[in-house]
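Colleague: Contents of data.cif (mmCIF, C-alpha atoms) are below:
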```cif
data_work
#
loop_
_atom_site.label_atom_id
_atom_site.label_comp_id
_atom_site.auth_asym_id
_atom_site.auth_seq_id
_atom_site.Cartn_x
_atom_site.Cartn_y
_atom_site.Cartn_z
CA MET O 1 0.00 0.00 0.00
CA THR O 2 1.34 3.43 -0.88
CA HIS O 3 1.61 6.19 1.63
CA GLN O 4 0.63 9.81 1.21
CA VAL O 5 2.65 12.84 2.18
CA HIS O 6 0.37 15.83 2.64
CA ALA O 7 2.82 18.74 2.25
CA PHE O 8 1.89 22.35 2.93
CA GLU O 9 4.91 24.58 2.37
CA PRO O 10 3.56 27.03 3.59
CA PRO O 11 -0.12 26.46 4.43
CA GLU O 12 -2.77 29.15 4.21
CA ARG O 13 -3.87 28.03 7.70
CA PHE O 14 -2.41 25.55 10.20
CA VAL O 15 -4.13 25.19 13.57
CA ALA O 16 -4.83 22.87 16.46
CA GLY O 17 -8.50 22.48 17.31
CA THR O 18 -11.10 20.21 18.83
CA VAL O 19 -14.45 18.67 18.08
CA GLY O 20 -16.85 17.72 20.87
CA PRO O 21 -17.74 18.90 24.37
CA PRO O 22 -15.10 19.15 27.14
CA GLY O 23 -14.29 15.71 28.46
CA GLU O 24 -15.15 14.13 25.12
CA ARG O 25 -13.06 16.30 22.80
CA THR O 26 -11.11 14.92 19.88
CA PHE O 27 -8.00 16.95 19.08
CA PHE O 28 -6.93 17.70 15.52
CA LEU O 29 -4.17 19.39 13.59
CA GLN O 30 -5.63 20.94 10.47
CA ALA O 31 -3.81 22.35 7.45
CA ARG O 32 -5.41 24.20 4.56
CA GLY O 33 -3.83 25.40 1.34
CA GLY O 34 -4.00 25.07 -2.41
CA GLY O 35 -7.64 24.02 -2.31
CA ARG O 36 -6.85 21.09 0.03
CA LEU O 37 -7.91 20.52 3.64
CA VAL O 38 -6.20 17.86 5.77
CA SER O 39 -7.17 17.02 9.37
CA VAL O 40 -5.25 14.53 11.51
CA ALA O 41 -6.34 13.36 14.97
CA LEU O 42 -4.02 13.28 17.97
CA GLU O 43 -4.08 13.26 21.75
CA LYS O 44 -4.36 16.32 23.99
CA VAL O 45 -0.94 15.63 25.47
CA GLN O 46 0.57 15.59 21.96
CA VAL O 47 -0.84 19.05 21.26
CA SER O 48 0.50 20.34 24.57
CA LEU O 49 3.95 18.85 23.99
CA LEU O 50 4.02 20.12 20.41
CA ALA O 51 3.46 23.69 21.61
CA GLU O 52 6.11 23.30 24.31
CA LYS O 53 8.70 21.79 21.97
CA LEU O 54 8.04 24.38 19.25
CA GLU O 55 8.75 27.10 21.81
CA GLU O 56 12.02 25.37 22.70
CA LEU O 57 12.91 24.95 19.00
CA LEU O 58 12.41 28.67 18.34
CA ALA O 59 14.55 29.59 21.34
CA GLU O 60 17.29 27.21 20.19
CA ALA O 61 17.14 28.59 16.62
CA GLN O 62 17.58 32.08 18.00
CA ARG O 63 20.46 31.05 20.23
CA ARG O 64 22.35 28.97 17.66
CA PHE O 65 21.54 30.70 14.37
CA GLY O 66 20.60 34.24 15.43
CA VAL O 67 17.10 33.97 13.99
CA ASP O 68 14.92 37.01 14.66
CA LEU O 69 11.93 35.83 16.65
CA PRO O 70 8.67 37.71 16.93
CA GLU O 71 7.18 38.35 20.32
CA ALA O 72 4.21 36.24 21.36
CA PRO O 73 1.07 37.75 19.82
CA ALA O 74 -0.58 40.18 22.23
CA LEU O 75 -3.94 39.90 20.51
CA VAL O 76 -5.88 36.71 19.99
CA GLY O 77 -5.05 35.58 16.48
CA ASP O 78 -6.94 32.85 14.68
CA ASN O 79 -9.74 31.84 17.02
CA ASP O 80 -12.08 30.46 14.36
CA PRO O 81 -13.34 26.88 14.56
CA LEU O 82 -11.81 24.13 12.47
CA ASP O 83 -12.77 24.19 8.81
CA THR O 84 -15.47 21.71 7.87
CA PRO O 85 -15.72 18.92 7.03
CA VAL O 86 -13.37 17.58 9.70
CA ASP O 87 -12.51 14.21 8.19
CA GLU O 88 -9.71 12.39 10.00
CA GLU O 89 -7.01 11.38 7.49
CA PHE O 90 -5.12 9.38 10.13
CA ARG O 91 -4.27 9.27 13.83
CA VAL O 92 -0.86 10.72 14.68
CA GLY O 93 1.65 8.38 16.28
CA THR O 94 4.85 10.41 15.94
CA LEU O 95 5.58 14.13 15.69
CA GLY O 96 8.83 15.45 14.26
CA LEU O 97 10.23 18.97 14.41
CA ALA O 98 13.09 20.64 12.57
CA PHE O 99 14.38 24.12 11.83
CA ASP O 100 15.48 24.81 8.26
CA VAL O 101 18.28 27.37 8.53
CA ASP O 102 18.35 28.13 4.80
CA SER O 103 14.73 29.25 4.64
CA ALA O 104 14.43 30.21 8.36
CA THR O 105 11.30 28.06 8.69
CA VAL O 106 10.03 25.48 11.14
CA VAL O 107 9.12 22.07 9.71
CA ILE O 108 6.47 20.02 11.54
CA GLU O 109 5.84 16.45 10.49
CA ALA O 110 2.97 14.38 11.87
CA ILE O 111 3.37 10.67 11.09
CA ALA O 112 0.51 8.19 11.26
CA ALA O 113 0.49 5.58 14.00
CA GLY O 114 1.76 2.22 12.79
CA GLU O 115 -0.28 -0.95 12.59
CA ALA O 116 1.70 -2.79 15.26
CA GLU O 117 3.01 -1.34 18.47
CA VAL O 118 6.75 -1.56 19.00
CA GLU O 119 7.61 -3.99 21.78
CA VAL O 120 10.46 -3.18 24.13
CA GLU O 121 12.41 -6.13 25.42
CA LEU O 122 14.31 -5.88 28.67
CA GLY O 123 17.31 -8.09 29.00
CA ASP O 124 21.06 -8.37 29.29
CA GLU O 125 21.66 -8.21 25.54
CA GLU O 126 24.03 -5.54 24.29
CA ASP O 127 22.35 -2.50 22.79
CA ASP O 128 23.04 -2.22 19.09
CA GLU O 129 22.67 1.16 17.38
CA ASP O 130 21.25 -0.62 14.33
CA ASP O 131 18.23 -1.65 16.42
CA VAL O 132 16.95 1.93 16.69
CA GLU O 133 13.64 1.99 14.86
CA GLU O 134 12.80 4.90 12.63
CA PRO O 135 9.19 5.71 11.76
CA ASP O 136 8.05 3.48 8.92
CA GLU O 137 8.47 5.10 5.51
CA ASP O 138 5.16 3.53 4.43
CA LEU O 139 3.11 5.61 6.88
CA ASP O 140 1.05 8.64 5.88
CA ARG O 141 2.45 12.03 6.86
CA LEU O 142 1.40 15.62 7.22
CA ARG O 143 4.33 17.99 6.64
CA VAL O 144 3.95 21.71 7.29
CA ARG O 145 6.53 24.48 6.90
CA LEU O 146 5.90 27.62 8.98
CA THR O 147 7.60 30.97 9.45
CA PRO O 148 8.62 31.86 13.02
CA GLU O 149 5.66 34.28 13.16
CA ALA O 150 3.19 31.59 12.09
CA THR O 151 4.80 29.17 14.55
CA ARG O 152 4.24 31.64 17.42
CA GLU O 153 0.58 32.00 16.41
CA PHE O 154 0.21 28.20 16.28
CA ILE O 155 1.77 27.88 19.76
CA GLU O 156 -0.58 30.45 21.29
CA ARG O 157 -3.68 28.86 19.75
CA ALA O 158 -2.58 25.34 20.75
CA ARG O 159 -2.17 26.46 24.35
CA ARG O 160 -5.62 28.10 24.34
CA VAL O 161 -7.19 24.93 22.91
CA VAL O 162 -5.53 22.68 25.51
CA ASN O 163 -6.50 25.00 28.39
CA ALA O 164 -10.12 25.37 27.22
CA GLY O 165 -11.09 21.95 28.57
CA ARG O 166 -12.52 20.99 31.92
CA PRO O 167 -11.18 22.92 34.92
CA PRO O 168 -8.87 20.99 37.26
CA CYS O 169 -9.88 19.92 40.76
CA PRO O 170 -8.19 22.27 43.25
CA LEU O 171 -7.20 19.28 45.43
CA CYS O 172 -5.98 16.57 43.06
CA GLY O 173 -5.61 18.34 39.70
CA GLN O 174 -7.76 15.84 37.79
CA PRO O 175 -10.38 17.30 35.42
CA LEU O 176 -13.75 18.15 36.95
CA ASP O 177 -16.81 16.91 35.11
CA PRO O 178 -19.96 19.06 35.33
CA ALA O 179 -21.32 16.50 37.84
CA GLY O 180 -18.05 16.50 39.83
CA HIS O 181 -15.64 13.60 40.18
CA LEU O 182 -14.40 11.01 42.63
CA CYS O 183 -11.51 12.84 44.25
CA PRO O 184 -8.72 10.61 45.59
CA ARG O 185 -7.86 13.35 48.11
CA HIS O 186 -11.34 12.91 49.62
CA ASN O 187 -11.07 9.12 49.79
CA GLY O 188 -13.37 8.66 46.82
CA TYR O 189 -16.16 11.02 47.88
CA HIS O 190 -17.72 13.15 45.18
CA ARG O 191 -16.30 16.62 44.90
#
```
Let's see the structure in the file written out as structure tokens.
Modeller:
Amino acid sequence: MTHQVHAFEPPERFVAGTVGPPGERTFFLQARGGGRLVSVALEKVQVSLLAEKLEELLAEAQRRFGVDLPEAPALVGDNDPLDTPVDEEFRVGTLGLAFDVDSATVVIEAIAAGEAEVEVELGDEEDDEDDVEEPDEDLDRLRVRLTPEATREFIERARRVVNAGRPPCPLCGQPLDPAGHLCPRHNGYHR
């Protein structure tokens, strides 16, 4: 089976967004450009880590290559909902980040989850560098190239999307459902 590489270099719009009510949200990365719309599903923690690692990548690019970085947007940028229809192309298993010094752009690659999970064996065998598994070349990918300004806007929106969920319990930090939750700090009593 052939794989598809959905490349947007650069996209007209690249955002993180959700579908569904808090507690039941499905997270997506969505890219639009050239008359195409691609949406890929991922986990909330992946969106959060992507924003964090993009921030680190920009800081490192500035430190090592002297890239001019824009300040975080003071005003709310793109706050529109995801474009419809939101059809999941694939579920993301791996995210890759790079900084292209020649074009001063950030490259984000979302790779589909593989069919089989990788098993980790623990033992006394010597580690061999050839055993390091790279993401399968036969997996679908979404590749996006962003300017530092567009990357900052993506980071800010991703953080807003992640934080827009259910509020945390003040005692245990777990998300509060509208009906409350069983708080471990209260020995299982509803909070």
Colleague: Once the PyMOL selection byres ((chain O and resi 85) around 10) has been evaluated on this model, what residues remain selected, and can you format them as a PyMOL selection string?
Modeller: chain O and resi 37-39+82-84+86-88
Colleague: Please provide the set of residues having any atom within 10 Å of O:Asp138, restricted to only C-alpha atoms, with same-chain residues fewer than 4 positions apart removed, written as a PyMOL selection string.
Modeller: chain O and resi 1-5+111-112+114
Colleague: Could you name the residues that touch stretch 63-66 of chain O at 10 Å or less, counting only C-alpha atoms, but leaving out those on the same chain fewer than 4 positions away, as a ChimeraX atom specification?
Modeller: /O:57-59,101,104
Colleague: So which one's closest to O:Ala41, O:Asp78, O:Ala113, O:Asp102, O:Glu60? Using only C-alpha atoms, please.
Modeller: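 Nearest candidate to O:Ala41 out of O:Asp78, O:Ala113, O:Asp102, O:Glu60: O:Ala113.
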Colleague: Quick check on the file I pasted: which residues fall under the PyMOL selection byres ((chain O and resi 42) around 7)? Write them as a list of chain:residue names.
Modeller: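 What the PyMOL selection byres ((chain O and resi 42) around 7) grabs from the file is O:Phe27, O:Phe28, O:Val40, O:Ala41, O:Glu43, O:Lys44, O:Gln46, O:Arg91, O:Val92.
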